[in-house]
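The data block below is structure29.pdb; it holds PDB, C-alpha atoms.
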```
ATOM      1  CA  MET A   1      -9.257  12.991 -25.673
ATOM      2  CA  ILE A   2      -6.513  11.983 -23.275
ATOM      3  CA  THR A   3      -5.479   8.345 -23.098
ATOM      4  CA  LYS A   4      -5.639   6.278 -19.944
ATOM      5  CA  GLU A   5      -1.838   5.856 -20.030
ATOM      6  CA  LYS A   6      -1.311   9.630 -20.188
ATOM      7  CA  ARG A   7      -3.813  10.160 -17.349
ATOM      8  CA  HIS A   8      -1.968   7.553 -15.256
ATOM      9  CA  GLU A   9       1.331   9.305 -16.007
ATOM     10  CA  VAL A  10      -0.063  12.628 -14.776
ATOM     11  CA  ILE A  11      -1.633  11.016 -11.682
ATOM     12  CA  ARG A  12       1.716   9.346 -10.930
ATOM     13  CA  ALA A  13       3.423  12.769 -11.087
ATOM     14  CA  ILE A  14       0.750  14.284  -8.826
ATOM     15  CA  LEU A  15       1.250  11.571  -6.207
ATOM     16  CA  VAL A  16       5.017  12.064  -6.262
ATOM     17  CA  ASN A  17       5.025  15.887  -6.305
ATOM     18  CA  HIS A  18       1.893  16.873  -4.327
ATOM     19  CA  SER A  19       0.275  15.798  -1.093
ATOM     20  CA  GLY A  20      -2.565  13.920  -2.851
ATOM     21  CA  SER A  21      -4.552  13.754   0.350
ATOM     22  CA  THR A  22      -7.965  13.240  -1.246
ATOM     23  CA  GLN A  23      -9.387  12.156  -4.559
ATOM     24  CA  GLU A  24     -10.991  15.600  -4.819
ATOM     25  CA  GLU A  25      -7.558  17.237  -4.516
ATOM     26  CA  ILE A  26      -6.110  14.932  -7.172
ATOM     27  CA  LYS A  27      -9.123  15.565  -9.420
ATOM     28  CA  GLY A  28      -8.666  19.334  -8.998
ATOM     29  CA  ILE A  29      -4.990  19.163  -9.981
ATOM     30  CA  LEU A  30      -5.901  17.038 -13.014
ATOM     31  CA  GLU A  31      -8.505  19.586 -14.054
ATOM     32  CA  SER A  32      -5.957  22.409 -13.694
ATOM     33  CA  LYS A  33      -3.977  20.497 -16.336
ATOM     34  CA  ASN A  34      -7.088  20.220 -18.550
ATOM     35  CA  ILE A  35      -7.502  16.528 -17.788
ATOM     36  CA  TYR A  36     -11.064  15.679 -16.829
ATOM     37  CA  ALA A  37     -12.062  12.390 -15.228
ATOM     38  CA  SER A  38     -15.153  11.394 -13.281
ATOM     39  CA  GLN A  39     -14.821  10.415  -9.631
ATOM     40  CA  SER A  40     -15.379   6.752 -10.523
ATOM     41  CA  THR A  41     -12.704   6.894 -13.251
ATOM     42  CA  LEU A  42     -10.204   8.474 -10.861
ATOM     43  CA  SER A  43     -11.022   5.890  -8.199
ATOM     44  CA  ARG A  44     -10.517   3.072 -10.717
ATOM     45  CA  ASP A  45      -7.250   4.651 -11.936
ATOM     46  CA  LEU A  46      -5.898   4.861  -8.389
ATOM     47  CA  ARG A  47      -6.857   1.230  -7.732
ATOM     48  CA  GLU A  48      -5.287   0.039 -11.012
ATOM     49  CA  MET A  49      -2.113   1.952 -10.248
ATOM     50  CA  GLY A  50      -1.861   0.368  -6.802
ATOM     51  CA  ALA A  51      -2.281   3.661  -4.949
ATOM     52  CA  VAL A  52      -3.023   3.347  -1.253
ATOM     53  CA  LYS A  53      -3.917   5.957   1.333
ATOM     54  CA  ILE A  54      -1.416   6.039   4.161
ATOM     55  CA  PRO A  55      -1.503   8.006   7.426
ATOM     56  CA  LEU A  56       0.911  10.894   7.887
ATOM     57  CA  GLU A  57       2.926  11.375  11.063
ATOM     58  CA  ALA A  58       1.514  14.893  11.460
ATOM     59  CA  GLY A  59      -2.046  13.599  11.095
ATOM     60  CA  GLY A  60      -4.251  13.163   8.072
ATOM     61  CA  ALA A  61      -3.447  10.845   5.202
ATOM     62  CA  LYS A  62      -2.288  10.895   1.594
ATOM     63  CA  TYR A  63      -2.342   8.685  -1.458
ATOM     64  CA  THR A  64       0.926   7.073  -2.424
ATOM     65  CA  LEU A  65       1.932   4.475  -4.974
ATOM     66  CA  ALA A  66       2.644   1.011  -3.690
ATOM     67  CA  GLY A  67       5.067  -1.643  -4.875
ATOM     68  CA  SER A  68       5.984  -1.830  -8.562
ATOM     69  CA  GLU A  69       4.396   1.547  -9.371
ATOM     70  CA  ARG A  70       7.026   3.164  -7.135
ATOM     71  CA  ASN A  71       9.883   1.355  -8.890
ATOM     72  CA  GLY A  72      10.336  -1.243  -6.161
ATOM     73  CA  LEU A  73      10.276   0.526  -2.843
ATOM     74  CA  GLY A  74      10.706  -2.873  -1.247
ATOM     75  CA  LEU A  75      11.561  -2.938   2.422
ATOM     76  CA  ASN A  76      11.549   0.834   2.795
ATOM     77  CA  GLU A  77       7.861   0.895   1.901
ATOM     78  CA  ILE A  78       6.902  -2.211   3.876
ATOM     79  CA  GLY A  79       8.880  -0.848   6.829
ATOM     80  CA  GLN A  80       6.854   2.371   6.701
ATOM     81  CA  ALA A  81       3.653   0.320   6.529
ATOM     82  CA  VAL A  82       4.689  -1.717   9.579
ATOM     83  CA  LYS A  83       5.481   1.485  11.503
ATOM     84  CA  ASN A  84       2.320   3.315  10.407
ATOM     85  CA  PHE A  85      -0.297   0.566  10.327
ATOM     86  CA  SER A  86       0.537  -2.462  12.434
ATOM     87  CA  VAL A  87      -0.404  -3.036  16.039
ATOM     88  CA  ASN A  88       0.753  -6.620  16.504
ATOM     89  CA  PHE A  89       1.479  -9.951  14.812
ATOM     90  CA  GLU A  90       0.337 -13.372  15.958
ATOM     91  CA  PRO A  91       1.511 -16.553  14.210
ATOM     92  CA  VAL A  92      -1.034 -19.399  14.179
ATOM     93  CA  GLY A  93       0.181 -22.521  12.352
ATOM     94  CA  ASN A  94       0.411 -21.752   8.623
ATOM     95  CA  PHE A  95      -1.072 -18.306   9.222
ATOM     96  CA  LEU A  96      -0.051 -14.936  10.530
ATOM     97  CA  VAL A  97      -2.682 -12.591  11.918
ATOM     98  CA  ILE A  98      -1.680  -8.952  11.635
ATOM     99  CA  LYS A  99      -3.712  -6.424  13.594
ATOM    100  CA  THR A 100      -3.640  -2.887  12.229
ATOM    101  CA  THR A 101      -5.006   0.435  13.272
ATOM    102  CA  PRO A 102      -8.692   0.746  12.282
ATOM    103  CA  GLY A 103      -9.297   1.160   8.564
ATOM    104  CA  ASN A 104      -5.717   0.412   7.502
ATOM    105  CA  ALA A 105      -5.655  -3.353   6.925
ATOM    106  CA  GLN A 106      -6.371  -3.113   3.207
ATOM    107  CA  ALA A 107      -3.675  -0.500   2.553
ATOM    108  CA  PHE A 108      -1.130  -2.538   4.520
ATOM    109  CA  CYS A 109      -2.221  -5.673   2.674
ATOM    110  CA  VAL A 110      -1.687  -4.069  -0.753
ATOM    111  CA  ILE A 111       1.849  -3.105   0.228
ATOM    112  CA  LEU A 112       2.501  -6.577   1.694
ATOM    113  CA  ASP A 113       1.164  -8.310  -1.441
ATOM    114  CA  ARG A 114       3.407  -6.210  -3.677
ATOM    115  CA  GLN A 115       6.492  -7.536  -1.873
ATOM    116  CA  LYS A 116       5.868 -10.850  -3.706
ATOM    117  CA  TRP A 117       7.535 -12.847  -0.963
ATOM    118  CA  SER A 118       7.552 -16.510  -2.027
ATOM    119  CA  GLU A 119       6.567 -17.716   1.461
ATOM    120  CA  ILE A 120       3.174 -16.020   1.196
ATOM    121  CA  VAL A 121       0.442 -17.952  -0.631
ATOM    122  CA  GLY A 122      -2.177 -15.238  -0.146
ATOM    123  CA  THR A 123      -3.637 -12.583   2.104
ATOM    124  CA  ILE A 124      -7.093 -11.516   3.214
ATOM    125  CA  ALA A 125      -7.762  -8.070   4.678
ATOM    126  CA  GLY A 126     -10.647  -6.752   6.697
ATOM    127  CA  ASP A 127     -10.893  -3.366   8.380
ATOM    128  CA  ASP A 128      -8.182  -3.832  11.017
ATOM    129  CA  THR A 129      -7.029  -7.436  10.534
ATOM    130  CA  ILE A 130      -4.984  -9.241   7.879
ATOM    131  CA  LEU A 131      -4.739 -13.001   7.526
ATOM    132  CA  VAL A 132      -1.486 -14.053   5.829
ATOM    133  CA  ILE A 133      -1.431 -17.647   4.552
ATOM    134  CA  PHE A 134       1.889 -19.513   4.256
ATOM    135  CA  ARG A 135       2.989 -22.679   2.478
ATOM    136  CA  LYS A 136       4.356 -24.103   5.734
ATOM    137  CA  ALA A 137       4.342 -23.062   9.379
ATOM    138  CA  ALA A 138       8.066 -22.196   9.397
ATOM    139  CA  ASP A 139       7.391 -19.474   6.832
ATOM    140  CA  SER A 140       5.596 -17.344   9.425
ATOM    141  CA  GLU A 141       8.861 -16.882  11.345
ATOM    142  CA  LYS A 142      10.664 -15.902   8.121
ATOM    143  CA  ILE A 143       8.041 -13.283   7.281
ATOM    144  CA  MET A 144       7.925 -11.931  10.843
ATOM    145  CA  SER A 145      11.710 -11.578  10.653
ATOM    146  CA  LYS A 146      11.456  -9.742   7.308
ATOM    147  CA  LEU A 147       8.826  -7.411   8.740
ATOM    148  CA  LYS A 148      10.983  -6.663  11.795
ATOM    149  CA  GLN A 149      14.038  -6.089   9.594
ATOM    150  CA  SER A 150      12.040  -3.742   7.386
ATOM    151  CA  VAL A 151      11.334  -1.423  10.306
ATOM    152  CA  ASN A 152      15.088  -1.179  10.910
ATOM    153  CA  GLY A 153      15.757  -0.541   7.209
ATOM    154  CA  GLU A 154      17.690  -3.760   6.731
ATOM    155  CA  ASN A 155      17.774  -5.527   3.359
ATOM    156  CA  GLN A 156      15.825  -8.661   2.542
TER     157      GLN A 156
END
```
Could you show the structure in this file as structure tokens?
Amino acid sequence: MITKEKRHEVIRAILVNHSGSTQEEIKGILESKNIYASQSTLSRDLREMGAVKIPLEAGGAKYTLAGSERNGLGLNEIGQAVKNFSVNFEPVGNFLVIKTTPGNAQAFCVILDRQKWSEIVGTIAGDDTILVIFRKAADSEKIMSKLKQSVNGENQ
């Protein structure tokens, strides 16, 4: 029987080396390597690994690893999320409301959370809206600046 760690290692390689557009595709590649996992196990593995489904420029979507699982993608990853997911930002006191394209708030939120920016106390994601909660109102400007810089590929 294969261990969870080994299964995660193989899934990680699949996400880096293949398109990984659906769980069924990932499951099929696993099975071709004689690794069998139920749909619920694969779903749980992807969630535990921090995998998120992101849209592709050419259409469709694929699973990718977020944050620490990708060895600190940092601003490059958050910049891609801003480009791919966000529609607009609206600061409101100690909050920032981020509107995303439909169905992408949770994926964006996972990537945002993995940045571990000290100004952010927490986030809440719906279908197309994220609420970012800050320690103080001035932090919203700092985070908006970081998000804008990320699109341009600038460092934190």
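Using the PyMOL selection byres ((chain A and resi 11) around 9) on this structure selects Lys6, Arg7, His8, Glu9, Val10, Arg12, Ala13, Ile14, Leu15, Val16, Ile26, Ile29, Leu30, Leu42, Asp45 and Leu46 of chain A.
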- Task: Show which residues sit within 10 Å of Ile2 (chain A), as a PyMOL selection string. Count all atoms listed in the file, and ignore same-chain residues fewer than 5 positions away.
- Result: chain A and resi 7+34-37
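Picture a line from CA of Ala51 (chain A) to CA of Thr64 (chain A); it runs 5.3 Å.
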- Query: Got a sec: who's within 12 Å of Asn84 (chain A), counting all atoms listed in the file, leaving out chain neighbours fewer than 2 positions off, as an MDAnalysis selection string?
  - Reply: chainID A and resid 53:59 61 77:82 86:88 99:105 107:108 151
Restricting it to C-alpha atoms, dump the selection as a PDB file, in the frame of the given file.
```pdb
ATOM      1  CA  LYS A  53      -3.917   5.957   1.333  1.00  0.00           C
ATOM      2  CA  ILE A  54      -1.416   6.039   4.161  1.00  0.00           C
ATOM      3  CA  PRO A  55      -1.503   8.006   7.426  1.00  0.00           C
ATOM      4  CA  LEU A  56       0.911  10.894   7.887  1.00  0.00           C
ATOM      5  CA  GLU A  57       2.926  11.375  11.063  1.00  0.00           C
ATOM      6  CA  ALA A  58       1.514  14.893  11.460  1.00  0.00           C
ATOM      7  CA  GLY A  59      -2.046  13.599  11.095  1.00  0.00           C
ATOM      8  CA  ALA A  61      -3.447  10.845   5.202  1.00  0.00           C
ATOM      9  CA  GLU A  77       7.861   0.895   1.901  1.00  0.00           C
ATOM     10  CA  ILE A  78       6.902  -2.211   3.876  1.00  0.00           C
ATOM     11  CA  GLY A  79       8.880  -0.848   6.829  1.00  0.00           C
ATOM     12  CA  GLN A  80       6.854   2.371   6.701  1.00  0.00           C
ATOM     13  CA  ALA A  81       3.653   0.320   6.529  1.00  0.00           C
ATOM     14  CA  VAL A  82       4.689  -1.717   9.579  1.00  0.00           C
ATOM     15  CA  SER A  86       0.537  -2.462  12.434  1.00  0.00           C
ATOM     16  CA  VAL A  87      -0.404  -3.036  16.039  1.00  0.00           C
ATOM     17  CA  ASN A  88       0.753  -6.620  16.504  1.00  0.00           C
ATOM     18  CA  LYS A  99      -3.712  -6.424  13.594  1.00  0.00           C
ATOM     19  CA  THR A 100      -3.640  -2.887  12.229  1.00  0.00           C
ATOM     20  CA  THR A 101      -5.006   0.435  13.272  1.00  0.00           C
ATOM     21  CA  PRO A 102      -8.692   0.746  12.282  1.00  0.00           C
ATOM     22  CA  GLY A 103      -9.297   1.160   8.564  1.00  0.00           C
ATOM     23  CA  ASN A 104      -5.717   0.412   7.502  1.00  0.00           C
ATOM     24  CA  ALA A 105      -5.655  -3.353   6.925  1.00  0.00           C
ATOM     25  CA  ALA A 107      -3.675  -0.500   2.553  1.00  0.00           C
ATOM     26  CA  PHE A 108      -1.130  -2.538   4.520  1.00  0.00           C
ATOM     27  CA  VAL A 151      11.334  -1.423  10.306  1.00  0.00           C
TER      28      VAL A 151
END
```
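Restricting the calculation to all atoms listed in the file, the smallest distance between Met144 (chain A) and any of A:Met49, A:Leu65, A:Ile98, A:Ala125 is found for A:Ile98.
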Spell out the residues picked by the PyMOL selection byres ((chain A and resi 137) around 9) here, as a PDB file with C-alpha atoms, in the coordinates of the input.
```pdb
ATOM      1  CA  PRO A  91       1.511 -16.553  14.210  1.00  0.00           C
ATOM      2  CA  VAL A  92      -1.034 -19.399  14.179  1.00  0.00           C
ATOM      3  CA  GLY A  93       0.181 -22.521  12.352  1.00  0.00           C
ATOM      4  CA  ASN A  94       0.411 -21.752   8.623  1.00  0.00           C
ATOM      5  CA  PHE A  95      -1.072 -18.306   9.222  1.00  0.00           C
ATOM      6  CA  PHE A 134       1.889 -19.513   4.256  1.00  0.00           C
ATOM      7  CA  ARG A 135       2.989 -22.679   2.478  1.00  0.00           C
ATOM      8  CA  LYS A 136       4.356 -24.103   5.734  1.00  0.00           C
ATOM      9  CA  ALA A 138       8.066 -22.196   9.397  1.00  0.00           C
ATOM     10  CA  ASP A 139       7.391 -19.474   6.832  1.00  0.00           C
ATOM     11  CA  SER A 140       5.596 -17.344   9.425  1.00  0.00           C
ATOM     12  CA  GLU A 141       8.861 -16.882  11.345  1.00  0.00           C
TER      13      GLU A 141
END
```
- Note on the structure: Using all atoms listed in the file, the residue out of A:Ile143, A:Leu131, A:Val52, A:Val97 with shortest distance to Trp117 (chain A) is A:Ile143
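Computed from the coordinates, the CA of Ile120 (chain A) to CA of Lys146 (chain A) distance equals 12.1 Å.
One distance worth recording is that between CA of Ile124 (chain A) and CA of Gln106 (chain A), which is 8.4 Å.
Considering only C-alpha atoms, the residue among A:Asn17, A:Lys4, A:Lys142, A:Lys83 positioned nearest to Thr41 (chain A) is A:Lys4.
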Output file request: region 17-146 of chain A, with C-alpha atoms, as a short mmCIF file (atom, residue, chain, number, x, y, z; two decimals), in the first residue's frame.
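To be explicit, this is the file written out as selection22.cif:
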```cif
data_model
loop_
_atom_site.label_atom_id
_atom_site.label_comp_id
_atom_site.auth_asym_id
_atom_site.auth_seq_id
_atom_site.Cartn_x
_atom_site.Cartn_y
_atom_site.Cartn_z
CA ASN A 17 4.66 18.19 -15.33
CA HIS A 18 1.11 17.73 -16.72
CA SER A 19 -1.86 19.96 -17.35
CA GLY A 20 -3.85 18.57 -14.38
CA SER A 21 -7.04 20.11 -15.68
CA THR A 22 -9.45 17.83 -13.83
CA GLN A 23 -9.40 15.48 -10.89
CA GLU A 24 -10.33 12.69 -13.31
CA GLU A 25 -7.21 13.43 -15.37
CA ILE A 26 -5.02 13.43 -12.26
CA LYS A 27 -6.66 10.21 -11.06
CA GLY A 28 -6.01 8.59 -14.45
CA ILE A 29 -2.31 9.52 -14.37
CA LEU A 30 -2.05 8.17 -10.81
CA GLU A 31 -3.63 4.90 -11.91
CA SER A 32 -1.19 4.65 -14.84
CA LYS A 33 1.51 4.66 -12.14
CA ASN A 34 -0.34 1.94 -10.19
CA ILE A 35 -1.46 4.38 -7.52
CA TYR A 36 -5.16 4.04 -6.77
CA ALA A 37 -7.12 6.61 -4.79
CA SER A 38 -10.84 7.26 -4.54
CA GLN A 39 -12.24 10.56 -5.79
CA SER A 40 -12.77 11.74 -2.21
CA THR A 41 -9.18 10.84 -1.26
CA LEU A 42 -7.81 12.71 -4.28
CA SER A 43 -9.99 15.71 -3.49
CA ARG A 44 -8.77 15.71 0.12
CA ASP A 45 -5.14 15.32 -1.03
CA LEU A 46 -5.45 18.30 -3.37
CA ARG A 47 -7.01 20.41 -0.60
CA GLU A 48 -4.31 19.39 1.92
CA MET A 49 -1.59 20.20 -0.58
CA GLY A 50 -3.05 23.65 -1.22
CA ALA A 51 -3.85 22.95 -4.87
CA VAL A 52 -6.16 25.45 -6.52
CA LYS A 53 -7.79 25.46 -9.93
CA ILE A 54 -6.78 28.48 -11.96
CA PRO A 55 -8.05 29.67 -15.35
CA LEU A 56 -5.76 29.39 -18.36
CA GLU A 57 -5.29 32.23 -20.83
CA ALA A 58 -6.32 29.95 -23.70
CA GLY A 59 -9.49 28.92 -21.86
CA GLY A 60 -10.20 26.08 -19.48
CA ALA A 61 -8.49 25.67 -16.14
CA LYS A 62 -5.88 23.55 -14.39
CA TYR A 63 -4.86 22.59 -10.89
CA THR A 64 -1.70 24.18 -9.57
CA LEU A 65 0.01 24.24 -6.21
CA ALA A 66 -0.31 27.40 -4.19
CA GLY A 67 2.07 29.06 -1.75
CA SER A 68 4.47 26.92 0.27
CA GLU A 69 3.79 23.78 -1.79
CA ARG A 70 5.35 25.57 -4.77
CA ASN A 71 8.46 26.53 -2.79
CA GLY A 72 7.38 30.13 -2.23
CA LEU A 73 6.08 31.48 -5.50
CA GLY A 74 5.39 34.71 -3.66
CA LEU A 75 4.54 37.72 -5.76
CA ASN A 76 4.80 35.86 -9.05
CA GLU A 77 1.90 33.64 -8.01
CA ILE A 78 -0.17 36.39 -6.39
CA GLY A 79 0.47 38.56 -9.45
CA GLN A 80 -0.91 35.82 -11.69
CA ALA A 81 -3.93 35.50 -9.39
CA VAL A 82 -4.57 39.26 -9.57
CA LYS A 83 -4.33 39.17 -13.38
CA ASN A 84 -6.47 36.03 -13.76
CA PHE A 85 -9.09 36.42 -11.04
CA SER A 86 -9.60 39.97 -9.85
CA VAL A 87 -12.08 42.47 -11.21
CA ASN A 88 -11.66 45.30 -8.71
CA PHE A 89 -10.65 46.26 -5.17
CA GLU A 90 -12.56 48.52 -2.81
CA PRO A 91 -11.12 49.55 0.57
CA VAL A 92 -13.70 50.06 3.33
CA GLY A 93 -12.18 51.02 6.70
CA ASN A 94 -10.26 48.02 8.08
CA PHE A 95 -11.45 45.89 5.16
CA LEU A 96 -10.72 45.37 1.52
CA VAL A 97 -13.41 43.94 -0.74
CA ILE A 98 -11.98 42.11 -3.73
CA LYS A 99 -14.36 41.24 -6.55
CA THR A 100 -13.29 38.31 -8.71
CA THR A 101 -14.59 36.62 -11.78
CA PRO A 102 -17.41 34.19 -10.89
CA GLY A 103 -16.29 31.05 -9.09
CA ASN A 104 -12.71 32.21 -8.48
CA ALA A 105 -12.84 33.94 -5.09
CA GLN A 106 -11.83 30.85 -3.13
CA ALA A 107 -8.84 30.05 -5.35
CA PHE A 108 -7.66 33.67 -5.17
CA CYS A 109 -8.19 33.65 -1.41
CA VAL A 110 -6.03 30.53 -0.93
CA ILE A 111 -3.19 32.17 -2.83
CA LEU A 112 -3.65 35.44 -0.90
CA ASP A 113 -3.67 33.61 2.46
CA ARG A 114 -0.46 31.78 1.60
CA GLN A 115 1.36 35.11 1.20
CA LYS A 116 1.22 35.40 5.02
CA TRP A 117 1.29 39.17 4.88
CA SER A 118 1.35 40.48 8.47
CA GLU A 119 -1.18 43.23 7.70
CA ILE A 120 -3.91 40.67 7.01
CA VAL A 121 -5.77 39.30 10.04
CA GLY A 122 -8.01 37.03 7.97
CA THR A 123 -9.99 36.53 4.80
CA ILE A 124 -13.44 35.27 3.88
CA ALA A 125 -14.28 34.10 0.36
CA GLY A 126 -17.58 33.59 -1.36
CA ASP A 127 -18.15 32.79 -5.02
CA ASP A 128 -16.93 36.07 -6.53
CA THR A 129 -16.10 38.23 -3.50
CA ILE A 130 -13.33 38.21 -0.89
CA LEU A 131 -13.38 40.17 2.34
CA VAL A 132 -9.86 40.91 3.61
CA ILE A 133 -9.66 42.04 7.25
CA PHE A 134 -6.78 44.27 8.40
CA ARG A 135 -5.39 45.24 11.79
CA LYS A 136 -5.75 48.94 10.95
CA ALA A 137 -7.23 50.95 8.10
CA ALA A 138 -3.81 52.04 6.77
CA ASP A 139 -2.99 48.39 6.06
CA SER A 140 -5.48 48.30 3.18
CA GLU A 141 -3.34 50.78 1.21
CA LYS A 142 -0.22 48.68 1.89
CA ILE A 143 -1.90 45.51 0.63
CA MET A 144 -3.39 47.25 -2.42
CA SER A 145 0.11 48.50 -3.22
CA LYS A 146 1.55 44.98 -2.84
#
```
